[in-house]
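Trainee: File name data-v6.cif; file contents mmCIF, C-alpha atoms, pLDDT in the B column; chains and numbers go by the auth columns; full text below.
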```
data_query
#
loop_
_atom_site.group_PDB
_atom_site.id
_atom_site.type_symbol
_atom_site.label_atom_id
_atom_site.label_comp_id
_atom_site.label_asym_id
_atom_site.label_seq_id
_atom_site.Cartn_x
_atom_site.Cartn_y
_atom_site.Cartn_z
_atom_site.B_iso_or_equiv
_atom_site.auth_seq_id
_atom_site.auth_asym_id
ATOM 1 C CA MET A 1 16.015 -20.189 -12.568 67.00 1225 A
ATOM 2 C CA THR A 2 19.191 -18.178 -13.188 79.00 1226 A
ATOM 3 C CA PRO A 3 21.137 -16.948 -10.121 83.00 1227 A
ATOM 4 C CA ASP A 4 20.079 -13.395 -10.972 82.00 1228 A
ATOM 5 C CA ALA A 5 16.387 -14.302 -11.104 82.00 1229 A
ATOM 6 C CA ALA A 6 16.661 -16.259 -7.840 85.00 1230 A
ATOM 7 C CA ARG A 7 18.375 -13.315 -6.151 87.00 1231 A
ATOM 8 C CA LEU A 8 15.653 -10.909 -7.378 87.00 1232 A
ATOM 9 C CA ARG A 9 12.918 -13.265 -6.179 87.00 1233 A
ATOM 10 C CA ALA A 10 14.450 -13.572 -2.673 90.00 1234 A
ATOM 11 C CA LYS A 11 14.903 -9.801 -2.447 92.00 1235 A
ATOM 12 C CA THR A 12 11.283 -9.287 -3.580 93.00 1236 A
ATOM 13 C CA TRP A 13 9.939 -11.680 -0.920 92.00 1237 A
ATOM 14 C CA ILE A 14 11.907 -10.077 1.935 95.00 1238 A
ATOM 15 C CA CYS A 15 10.914 -6.553 0.870 95.00 1239 A
ATOM 16 C CA THR A 16 7.247 -7.584 0.466 95.00 1240 A
ATOM 17 C CA LEU A 17 7.217 -8.997 4.013 96.00 1241 A
ATOM 18 C CA ILE A 18 8.597 -5.701 5.374 97.00 1242 A
ATOM 19 C CA VAL A 19 5.988 -3.691 3.382 96.00 1243 A
ATOM 20 C CA VAL A 20 3.108 -5.884 4.598 95.00 1244 A
ATOM 21 C CA PHE A 21 4.058 -6.088 8.285 95.00 1245 A
ATOM 22 C CA SER A 22 5.118 -2.444 8.720 96.00 1246 A
ATOM 23 C CA ASN A 23 1.789 -1.361 7.170 92.00 1247 A
ATOM 24 C CA ALA A 24 -0.388 -3.731 9.217 91.00 1248 A
ATOM 25 C CA PHE A 25 1.335 -3.041 12.568 92.00 1249 A
ATOM 26 C CA GLY A 26 1.629 0.679 11.790 90.00 1250 A
ATOM 27 C CA ASP A 27 -2.154 0.899 11.313 84.00 1251 A
ATOM 28 C CA PHE A 28 -2.741 -1.241 14.402 86.00 1252 A
ATOM 29 C CA PHE A 29 -0.499 0.944 16.616 88.00 1253 A
ATOM 30 C CA MET A 30 -2.187 4.103 15.317 82.00 1254 A
ATOM 31 C CA LYS A 31 -5.661 2.764 16.084 77.00 1255 A
ATOM 32 C CA ARG A 32 -4.555 1.530 19.494 80.00 1256 A
ATOM 33 C CA GLY A 33 -2.782 4.829 20.282 78.00 1257 A
ATOM 34 C CA ILE A 34 -5.387 7.435 19.324 72.00 1258 A
ATOM 35 C CA PRO A 35 -7.830 7.729 22.229 67.00 1259 A
ATOM 36 C CA ASP A 36 -11.532 7.619 21.352 66.00 1260 A
ATOM 37 C CA SER A 37 -11.931 10.929 23.147 63.00 1261 A
ATOM 38 C CA ALA A 38 -9.526 12.667 20.733 62.00 1262 A
ATOM 39 C CA ARG A 39 -11.494 15.077 18.572 66.00 1263 A
ATOM 40 C CA LEU A 40 -8.577 16.343 16.467 66.00 1264 A
ATOM 41 C CA ALA A 41 -10.402 19.622 15.922 69.00 1265 A
ATOM 42 C CA THR A 42 -7.358 21.909 15.891 73.00 1266 A
ATOM 43 C CA PRO A 43 -3.883 21.489 14.344 74.00 1267 A
ATOM 44 C CA MET A 44 -2.374 21.530 17.855 76.00 1268 A
ATOM 45 C CA GLU A 45 -4.383 18.438 18.791 75.00 1269 A
ATOM 46 C CA TYR A 46 -2.952 16.635 15.758 73.00 1270 A
ATOM 47 C CA VAL A 47 0.579 17.503 16.910 78.00 1271 A
ATOM 48 C CA ALA A 48 -0.132 16.515 20.524 79.00 1272 A
ATOM 49 C CA VAL A 49 -1.487 13.091 19.580 79.00 1273 A
ATOM 50 C CA LEU A 50 1.807 12.304 17.784 80.00 1274 A
ATOM 51 C CA PHE A 51 3.527 12.167 21.181 83.00 1275 A
ATOM 52 C CA HIS A 52 1.465 9.254 22.449 85.00 1276 A
ATOM 53 C CA PRO A 53 4.029 6.391 22.503 89.00 1277 A
ATOM 54 C CA TRP A 54 1.826 4.026 20.433 89.00 1278 A
ATOM 55 C CA VAL A 55 1.148 6.728 17.854 88.00 1279 A
ATOM 56 C CA THR A 56 4.859 7.588 17.588 91.00 1280 A
ATOM 57 C CA ALA A 57 5.655 3.896 17.001 94.00 1281 A
ATOM 58 C CA GLY A 58 2.826 3.719 14.440 91.00 1282 A
ATOM 59 C CA VAL A 59 4.112 6.728 12.514 90.00 1283 A
ATOM 60 C CA LEU A 60 7.674 5.295 12.473 94.00 1284 A
ATOM 61 C CA LEU A 61 6.336 1.993 11.104 95.00 1285 A
ATOM 62 C CA LEU A 62 4.338 3.837 8.438 91.00 1286 A
ATOM 63 C CA VAL A 63 7.508 5.717 7.389 93.00 1287 A
ATOM 64 C CA ILE A 64 9.289 2.333 7.063 95.00 1288 A
ATOM 65 C CA TRP A 65 6.246 1.117 5.085 94.00 1289 A
ATOM 66 C CA GLN A 66 6.482 3.909 2.484 93.00 1290 A
ATOM 67 C CA MET A 67 10.286 3.574 2.178 94.00 1291 A
ATOM 68 C CA SER A 68 10.185 -0.214 1.720 95.00 1292 A
ATOM 69 C CA ARG A 69 7.340 0.155 -0.796 95.00 1293 A
ATOM 70 C CA MET A 70 9.405 2.641 -2.804 95.00 1294 A
ATOM 71 C CA ALA A 71 12.383 0.252 -2.697 95.00 1295 A
ATOM 72 C CA LEU A 72 10.167 -2.590 -3.943 96.00 1296 A
ATOM 73 C CA LEU A 73 8.818 -0.416 -6.785 96.00 1297 A
ATOM 74 C CA SER A 74 12.396 0.405 -7.808 95.00 1298 A
ATOM 75 C CA TRP A 75 12.675 -3.101 -9.290 94.00 1299 A
ATOM 76 C CA ALA A 76 9.122 -4.536 -9.389 94.00 1300 A
ATOM 77 C CA ASP A 77 6.059 -3.602 -11.511 94.00 1301 A
ATOM 78 C CA LEU A 78 3.119 -1.717 -9.971 94.00 1302 A
ATOM 79 C CA SER A 79 0.754 -4.378 -11.354 92.00 1303 A
ATOM 80 C CA TYR A 80 2.816 -6.967 -9.387 93.00 1304 A
ATOM 81 C CA VAL A 81 3.277 -4.964 -6.146 94.00 1305 A
ATOM 82 C CA LEU A 82 -0.420 -4.022 -5.797 91.00 1306 A
ATOM 83 C CA PRO A 83 -1.949 -7.521 -5.563 90.00 1307 A
ATOM 84 C CA VAL A 84 0.995 -9.093 -3.735 91.00 1308 A
ATOM 85 C CA THR A 85 1.097 -6.506 -0.926 91.00 1309 A
ATOM 86 C CA SER A 86 -2.689 -6.784 -0.474 88.00 1310 A
ATOM 87 C CA VAL A 87 -1.940 -9.762 1.798 89.00 1311 A
ATOM 88 C CA GLY A 88 -1.783 -6.925 4.369 87.00 1312 A
ATOM 89 C CA TYR A 89 -5.616 -6.965 4.554 83.00 1313 A
ATOM 90 C CA VAL A 90 -5.328 -10.581 5.737 87.00 1314 A
ATOM 91 C CA VAL A 91 -2.667 -9.697 8.331 90.00 1315 A
ATOM 92 C CA VAL A 92 -4.861 -6.864 9.674 84.00 1316 A
ATOM 93 C CA ALA A 93 -7.822 -9.246 10.042 83.00 1317 A
ATOM 94 C CA LEU A 94 -5.638 -11.816 11.847 87.00 1318 A
ATOM 95 C CA ILE A 95 -4.143 -9.145 14.161 87.00 1319 A
ATOM 96 C CA GLY A 96 -7.718 -8.165 15.052 83.00 1320 A
ATOM 97 C CA LYS A 97 -8.545 -11.775 15.875 86.00 1321 A
ATOM 98 C CA VAL A 98 -5.393 -12.606 17.861 89.00 1322 A
ATOM 99 C CA LEU A 99 -4.668 -9.338 19.668 85.00 1323 A
ATOM 100 C CA LEU A 100 -8.118 -7.753 19.939 79.00 1324 A
ATOM 101 C CA ASN A 101 -10.273 -10.916 20.112 82.00 1325 A
ATOM 102 C CA GLU A 102 -12.391 -9.714 17.211 80.00 1326 A
ATOM 103 C CA ALA A 103 -14.582 -12.394 15.653 81.00 1327 A
ATOM 104 C CA ILE A 104 -13.922 -13.284 11.996 84.00 1328 A
ATOM 105 C CA SER A 105 -17.225 -13.988 10.264 88.00 1329 A
ATOM 106 C CA ASN A 106 -17.636 -16.549 7.475 91.00 1330 A
ATOM 107 C CA ARG A 107 -17.872 -13.710 4.976 90.00 1331 A
ATOM 108 C CA ARG A 108 -14.517 -12.317 6.139 87.00 1332 A
ATOM 109 C CA TRP A 109 -12.902 -15.781 5.920 89.00 1333 A
ATOM 110 C CA ALA A 110 -14.222 -16.029 2.340 91.00 1334 A
ATOM 111 C CA GLY A 111 -12.665 -12.629 1.571 90.00 1335 A
ATOM 112 C CA ILE A 112 -9.343 -13.725 3.119 89.00 1336 A
ATOM 113 C CA LEU A 113 -9.337 -16.842 0.915 91.00 1337 A
ATOM 114 C CA LEU A 114 -10.022 -14.760 -2.236 93.00 1338 A
ATOM 115 C CA ILE A 115 -7.186 -12.343 -1.401 90.00 1339 A
ATOM 116 C CA MET A 116 -4.758 -15.215 -0.743 90.00 1340 A
ATOM 117 C CA ALA A 117 -5.769 -16.859 -4.045 92.00 1341 A
ATOM 118 C CA GLY A 118 -5.160 -13.578 -5.890 90.00 1342 A
ATOM 119 C CA VAL A 119 -1.758 -13.122 -4.233 90.00 1343 A
ATOM 120 C CA ALA A 120 -0.769 -16.719 -5.054 89.00 1344 A
ATOM 121 C CA LEU A 121 -1.759 -16.293 -8.740 90.00 1345 A
ATOM 122 C CA VAL A 122 0.276 -13.125 -9.220 90.00 1346 A
ATOM 123 C CA SER A 123 3.326 -14.060 -7.133 87.00 1347 A
ATOM 124 C CA THR A 124 3.814 -17.494 -8.699 85.00 1348 A
ATOM 125 C CA GLY A 125 2.404 -16.755 -12.155 80.00 1349 A
ATOM 126 C CA SER A 126 4.528 -13.783 -13.206 80.00 1350 A
ATOM 127 C CA VAL A 127 8.020 -12.397 -12.745 85.00 1351 A
ATOM 128 C CA PRO A 128 8.268 -9.192 -10.630 89.00 1352 A
ATOM 129 C CA SER A 129 9.426 -6.986 -13.506 87.00 1353 A
ATOM 130 C CA THR A 130 8.373 -6.919 -17.178 85.00 1354 A
ATOM 131 C CA VAL A 131 9.964 -3.629 -18.258 82.00 1355 A
ATOM 132 C CA ARG A 132 13.562 -2.672 -18.791 72.00 1356 A
ATOM 133 C CA ARG A 133 14.955 -0.319 -16.162 67.00 1357 A
ATOM 134 C CA ASP A 134 17.939 1.991 -16.295 58.00 1358 A
ATOM 135 C CA PRO A 135 20.827 0.786 -14.094 52.00 1359 A
ATOM 136 C CA MET B 1 -23.284 14.045 -2.103 82.00 37 B
ATOM 137 C CA MET B 2 -20.308 15.278 -0.032 86.00 38 B
ATOM 138 C CA LYS B 3 -19.483 11.628 0.628 87.00 39 B
ATOM 139 C CA TRP B 4 -19.138 10.783 -3.064 90.00 40 B
ATOM 140 C CA ILE B 5 -17.086 13.905 -3.787 93.00 41 B
ATOM 141 C CA LEU B 6 -14.637 12.794 -1.061 92.00 42 B
ATOM 142 C CA VAL B 7 -14.564 9.247 -2.481 92.00 43 B
ATOM 143 C CA ALA B 8 -13.769 10.644 -5.937 94.00 44 B
ATOM 144 C CA VAL B 9 -10.990 12.877 -4.556 96.00 45 B
ATOM 145 C CA MET B 10 -9.526 10.034 -2.484 94.00 46 B
ATOM 146 C CA VAL B 11 -9.590 7.432 -5.298 93.00 47 B
ATOM 147 C CA GLY B 12 -8.272 9.908 -7.871 96.00 48 B
ATOM 148 C CA ALA B 13 -5.457 11.185 -5.645 97.00 49 B
ATOM 149 C CA THR B 14 -4.410 7.684 -4.508 95.00 50 B
ATOM 150 C CA THR B 15 -4.318 6.405 -8.081 96.00 51 B
ATOM 151 C CA ILE B 16 -2.288 9.371 -9.353 97.00 52 B
ATOM 152 C CA GLY B 17 0.030 9.228 -6.313 96.00 53 B
ATOM 153 C CA GLU B 18 0.824 5.524 -6.581 96.00 54 B
ATOM 154 C CA VAL B 19 1.325 5.587 -10.356 97.00 55 B
ATOM 155 C CA LEU B 20 3.677 8.590 -9.975 97.00 56 B
ATOM 156 C CA GLN B 21 5.538 6.749 -7.193 96.00 57 B
ATOM 157 C CA ALA B 22 5.982 3.693 -9.429 96.00 58 B
ATOM 158 C CA ALA B 23 7.131 5.893 -12.361 95.00 59 B
ATOM 159 C CA GLY B 24 9.576 7.788 -10.124 95.00 60 B
ATOM 160 C CA MET B 25 11.109 4.630 -8.659 95.00 61 B
ATOM 161 C CA ARG B 26 11.475 3.069 -12.093 93.00 62 B
ATOM 162 C CA LYS B 27 13.286 6.201 -13.258 92.00 63 B
ATOM 163 C CA HIS B 28 15.559 5.960 -10.196 93.00 64 B
ATOM 164 C CA GLY B 29 16.424 2.345 -11.008 91.00 65 B
ATOM 165 C CA GLU B 30 16.854 -0.760 -8.865 91.00 66 B
ATOM 166 C CA ILE B 31 18.063 -0.181 -5.313 92.00 67 B
ATOM 167 C CA HIS B 32 20.918 -2.610 -4.554 88.00 68 B
ATOM 168 C CA ASP B 33 22.626 -1.232 -1.461 88.00 69 B
ATOM 169 C CA PHE B 34 20.682 -1.338 1.810 89.00 70 B
ATOM 170 C CA ARG B 35 23.351 0.049 4.157 90.00 71 B
ATOM 171 C CA PRO B 36 22.168 3.161 6.080 90.00 72 B
ATOM 172 C CA GLY B 37 24.553 5.545 4.277 92.00 73 B
ATOM 173 C CA ALA B 38 23.448 4.317 0.860 92.00 74 B
ATOM 174 C CA ILE B 39 19.763 4.614 1.837 91.00 75 B
ATOM 175 C CA GLY B 40 20.401 8.198 2.952 92.00 76 B
ATOM 176 C CA ARG B 41 22.044 8.997 -0.404 94.00 77 B
ATOM 177 C CA ALA B 42 19.153 7.383 -2.301 93.00 78 B
ATOM 178 C CA LEU B 43 16.654 9.475 -0.299 93.00 79 B
ATOM 179 C CA ALA B 44 18.618 12.644 -1.135 93.00 80 B
ATOM 180 C CA VAL B 45 18.423 11.780 -4.850 93.00 81 B
ATOM 181 C CA LEU B 46 14.710 10.884 -4.593 94.00 82 B
ATOM 182 C CA ALA B 47 13.917 14.199 -2.878 93.00 83 B
ATOM 183 C CA ARG B 48 14.746 15.864 -6.229 94.00 84 B
ATOM 184 C CA ASN B 49 12.765 13.353 -8.309 95.00 85 B
ATOM 185 C CA ARG B 50 9.709 15.202 -9.721 96.00 86 B
ATOM 186 C CA PHE B 51 7.584 12.071 -9.908 96.00 87 B
ATOM 187 C CA VAL B 52 8.311 11.250 -6.257 96.00 88 B
ATOM 188 C CA ILE B 53 7.555 14.833 -5.122 96.00 89 B
ATOM 189 C CA GLY B 54 4.267 14.726 -7.073 97.00 90 B
ATOM 190 C CA SER B 55 3.375 11.353 -5.561 96.00 91 B
ATOM 191 C CA ILE B 56 3.885 12.669 -2.004 94.00 92 B
ATOM 192 C CA LEU B 57 1.607 15.671 -2.712 96.00 93 B
ATOM 193 C CA ALA B 58 -1.098 13.427 -4.210 97.00 94 B
ATOM 194 C CA MET B 59 -0.907 10.979 -1.290 93.00 95 B
ATOM 195 C CA ALA B 60 -1.199 13.816 1.228 91.00 96 B
ATOM 196 C CA ILE B 61 -4.420 14.980 -0.516 94.00 97 B
ATOM 197 C CA SER B 62 -5.694 11.388 -0.484 92.00 98 B
ATOM 198 C CA PHE B 63 -4.871 11.005 3.237 86.00 99 B
ATOM 199 C CA PHE B 64 -6.785 14.131 4.268 86.00 100 B
ATOM 200 C CA ALA B 65 -9.751 13.159 2.050 89.00 101 B
ATOM 201 C CA PHE B 66 -9.732 9.730 3.742 84.00 102 B
ATOM 202 C CA VAL B 67 -9.681 11.227 7.264 80.00 103 B
ATOM 203 C CA LYS B 68 -12.514 13.628 6.325 84.00 104 B
ATOM 204 C CA LEU B 69 -14.468 10.729 4.787 86.00 105 B
ATOM 205 C CA LEU B 70 -14.084 8.737 8.012 79.00 106 B
ATOM 206 C CA SER B 71 -15.650 11.611 9.934 79.00 107 B
ATOM 207 C CA ILE B 72 -18.887 11.406 7.873 83.00 108 B
ATOM 208 C CA SER B 73 -19.005 7.663 7.054 81.00 109 B
ATOM 209 C CA ASP B 74 -18.018 4.281 8.519 77.00 110 B
ATOM 210 C CA LEU B 75 -14.681 2.521 8.136 72.00 111 B
ATOM 211 C CA SER B 76 -16.678 -0.353 6.607 74.00 112 B
ATOM 212 C CA PHE B 77 -17.662 1.978 3.755 79.00 113 B
ATOM 213 C CA ALA B 78 -14.360 3.845 3.354 80.00 114 B
ATOM 214 C CA VAL B 79 -12.017 0.827 3.119 78.00 115 B
ATOM 215 C CA PRO B 80 -13.873 -1.322 0.538 78.00 116 B
ATOM 216 C CA VAL B 81 -14.586 1.703 -1.649 82.00 117 B
ATOM 217 C CA SER B 82 -10.826 2.384 -1.765 81.00 118 B
ATOM 218 C CA ALA B 83 -10.326 -1.036 -3.421 82.00 119 B
ATOM 219 C CA VAL B 84 -11.539 0.632 -6.653 85.00 120 B
ATOM 220 C CA THR B 85 -7.988 1.989 -6.933 90.00 121 B
ATOM 221 C CA TYR B 86 -6.696 -1.545 -7.682 88.00 122 B
ATOM 222 C CA VAL B 87 -8.624 -1.640 -10.951 88.00 123 B
ATOM 223 C CA MET B 88 -7.705 1.909 -11.982 90.00 124 B
ATOM 224 C CA GLU B 89 -4.024 1.484 -11.095 94.00 125 B
ATOM 225 C CA THR B 90 -3.750 -1.828 -12.954 93.00 126 B
ATOM 226 C CA LEU B 91 -5.243 -0.126 -16.047 93.00 127 B
ATOM 227 C CA LEU B 92 -2.769 2.754 -15.759 95.00 128 B
ATOM 228 C CA ALA B 93 0.098 0.284 -15.146 95.00 129 B
ATOM 229 C CA LYS B 94 -0.721 -1.275 -18.505 95.00 130 B
ATOM 230 C CA TYR B 95 -1.434 1.825 -20.598 95.00 131 B
ATOM 231 C CA VAL B 96 0.756 4.494 -18.965 95.00 132 B
ATOM 232 C CA LEU B 97 3.622 2.536 -17.361 95.00 133 B
ATOM 233 C CA LYS B 98 3.552 0.002 -20.271 94.00 134 B
ATOM 234 C CA GLU B 99 3.824 -3.014 -17.974 94.00 135 B
ATOM 235 C CA HIS B 100 2.939 -6.424 -19.407 93.00 136 B
ATOM 236 C CA VAL B 101 -0.191 -7.249 -17.439 92.00 137 B
ATOM 237 C CA ASN B 102 -0.814 -10.916 -18.282 91.00 138 B
ATOM 238 C CA TRP B 103 -4.122 -12.655 -17.566 92.00 139 B
ATOM 239 C CA LEU B 104 -2.796 -14.025 -14.246 92.00 140 B
ATOM 240 C CA ARG B 105 -2.230 -10.467 -12.994 92.00 141 B
ATOM 241 C CA TRP B 106 -5.733 -9.401 -14.130 93.00 142 B
ATOM 242 C CA ALA B 107 -7.240 -12.461 -12.442 93.00 143 B
ATOM 243 C CA GLY B 108 -5.210 -11.850 -9.271 92.00 144 B
ATOM 244 C CA ALA B 109 -6.172 -8.162 -9.084 91.00 145 B
ATOM 245 C CA SER B 110 -9.876 -9.043 -9.597 92.00 146 B
ATOM 246 C CA LEU B 111 -9.799 -11.694 -6.844 93.00 147 B
ATOM 247 C CA VAL B 112 -8.132 -9.178 -4.502 91.00 148 B
ATOM 248 C CA VAL B 113 -10.831 -6.536 -5.175 90.00 149 B
ATOM 249 C CA CYS B 114 -13.617 -9.037 -4.404 91.00 150 B
ATOM 250 C CA GLY B 115 -11.733 -10.268 -1.331 90.00 151 B
ATOM 251 C CA VAL B 116 -11.144 -6.755 0.040 86.00 152 B
ATOM 252 C CA ALA B 117 -14.855 -5.976 -0.367 85.00 153 B
ATOM 253 C CA LEU B 118 -15.824 -9.150 1.537 86.00 154 B
ATOM 254 C CA VAL B 119 -13.266 -8.596 4.312 81.00 155 B
ATOM 255 C CA SER B 120 -14.227 -4.973 4.938 75.00 156 B
ATOM 256 C CA LEU B 121 -17.987 -4.845 4.364 71.00 157 B
#
```
As structure tokens, what does this structure read like?
Mentor:
Amino acid sequence: MTPDAARLRAKTWICTLIVVFSNAFGDFFMKRGIPDSARLATPMEYVAVLFHPWVTAGVLLLVIWQMSRMALLSWADLSYVLPVTSVGYVVVALIGKVLLNEAISNRRWAGILLIMAGVALVSTGSVPSTVRRDP
Amino acid sequence: MMKWILVAVMVGATTIGEVLQAAGMRKHGEIHDFRPGAIGRALAVLARNRFVIGSILAMAISFFAFVKLLSISDLSFAVPVSAVTYVMETLLAKYVLKEHVNWLRWAGASLVVCGVALVSL
């Protein structure tokens, strides 16, 4: 692997980790922060719910998620980013198990294995970018 | 019926939004500098990128369709049905963005779609 390719691969891995974890924890904080009693019937209720500390943290993480995803897409293909970042579904399931004591059924474990297999195929079997980009 | 209209709006808007985002970021070119000042300058440039503006509009439509869908159906229906976007976006990546989607990427995307359905159903 040339130094340039190795550098791009390292950068891709770090950015993918940020995309995956900011998305998974952003969703988790949002779910944890919005009370079940919230009806969100009027625009004012939408604004008010943003000031719950967990929801504020969730929104900040989701902003980081979109920005890191855009950075990743600035050098990597969409057909590479899509499957590789889907490891987030696995992280969400594991967060549910560890932090919320949710049970993971056999069917969900099978799904997790399929997702991981798909991610492994794409991340090891192709380079992040196949098109020429302007500098 | 309402449910399927919302699914169509959500899948269509997500697909268009993410393909526009990918096209806009490719046009912008690789981001090298991750210092706060440089990120701020990149954001200022991106705010005038038509593809990026279009992608934000499309994703906003998709978000509100998703929230509305959640109010009339379960999360366990809404999340797996959104995995359809993987197939549509991979097709558009090949034919619109002209990416080289080799068989490993097709196989990976297919495994992910099946996996997402199993995890969320």
Trainee: As a check of understanding, name the residues that the PyMOL selection byres ((chain B) within 6 of (chain A)) selects in the supplied structure, as a ChimeraX atom specification.
Mentor: /B:58,61-62,65-66,126,136,140-141,144-145,147-148,151,154-155
Trainee: Could you write out as a VMD selection string the residues that the PyMOL selection byres ((chain B and resi 94-106) around 10) matches in the shown file?
Mentor: chain B and resid 38 to 54 56 to 57 88 to 93 107 to 115 118
Trainee: Skip Ile75 (chain B) itself and residues of its chain fewer than 6 positions away, then list as a list in words all residues within 12 Å of it, counting all atoms listed in the file.
Mentor: Ile1288, Met1291, Ser1292, Met1294 and Ala1295 of chain A; Ile67, His68, Asp69, Val81 and Leu82 of chain B
Trainee: Give me, please, the distance in Å between CA of Met37 (chain B) and CA of Leu157 (chain B), quoted to one decimal.
Mentor: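 A separation of 20.7 Å between them.
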Trainee: To one decimal place, how far is CA of Gly1282 (chain A) from CA of Val1322 (chain A) in Å?
Mentor: 18.6 Å
Trainee: Figure out the distance between CA of Gly1312 (chain A) and CA of Phe1245 (chain A), please, to one decimal in Å.
Mentor: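 Separation between CA of Phe1245 (chain A) and CA of Gly1312 (chain A): 7.1 Å.
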Trainee: For a quick check of understanding, using all atoms listed in the file, which of B:Val137, B:Val149, B:Ala80, B:Ala143 has the smallest distance to Tyr122 (chain B)?
Mentor: B:Val149
Trainee: Compile the contact shell of Phe1275 (chain A) as a PyMOL selection string: residues with an atom at most 12 Å away, counting only C-alpha atoms, same-chain residues fewer than 5 positions apart removed.
Mentor: chain A and resi 1254+1257-1258+1268-1270+1280-1284
Trainee: Box for region 129-143 of chain B - axis-aligned, 8 Å on each of the six sides, all listed atoms - centre and size in Å to one decimal, as JSON.
Mentor:
```
{"center_x": -1.7, "center_y": -4.8, "center_z": -16.5, "size_x": 27.1, "size_y": 34.5, "size_z": 24.2}
```
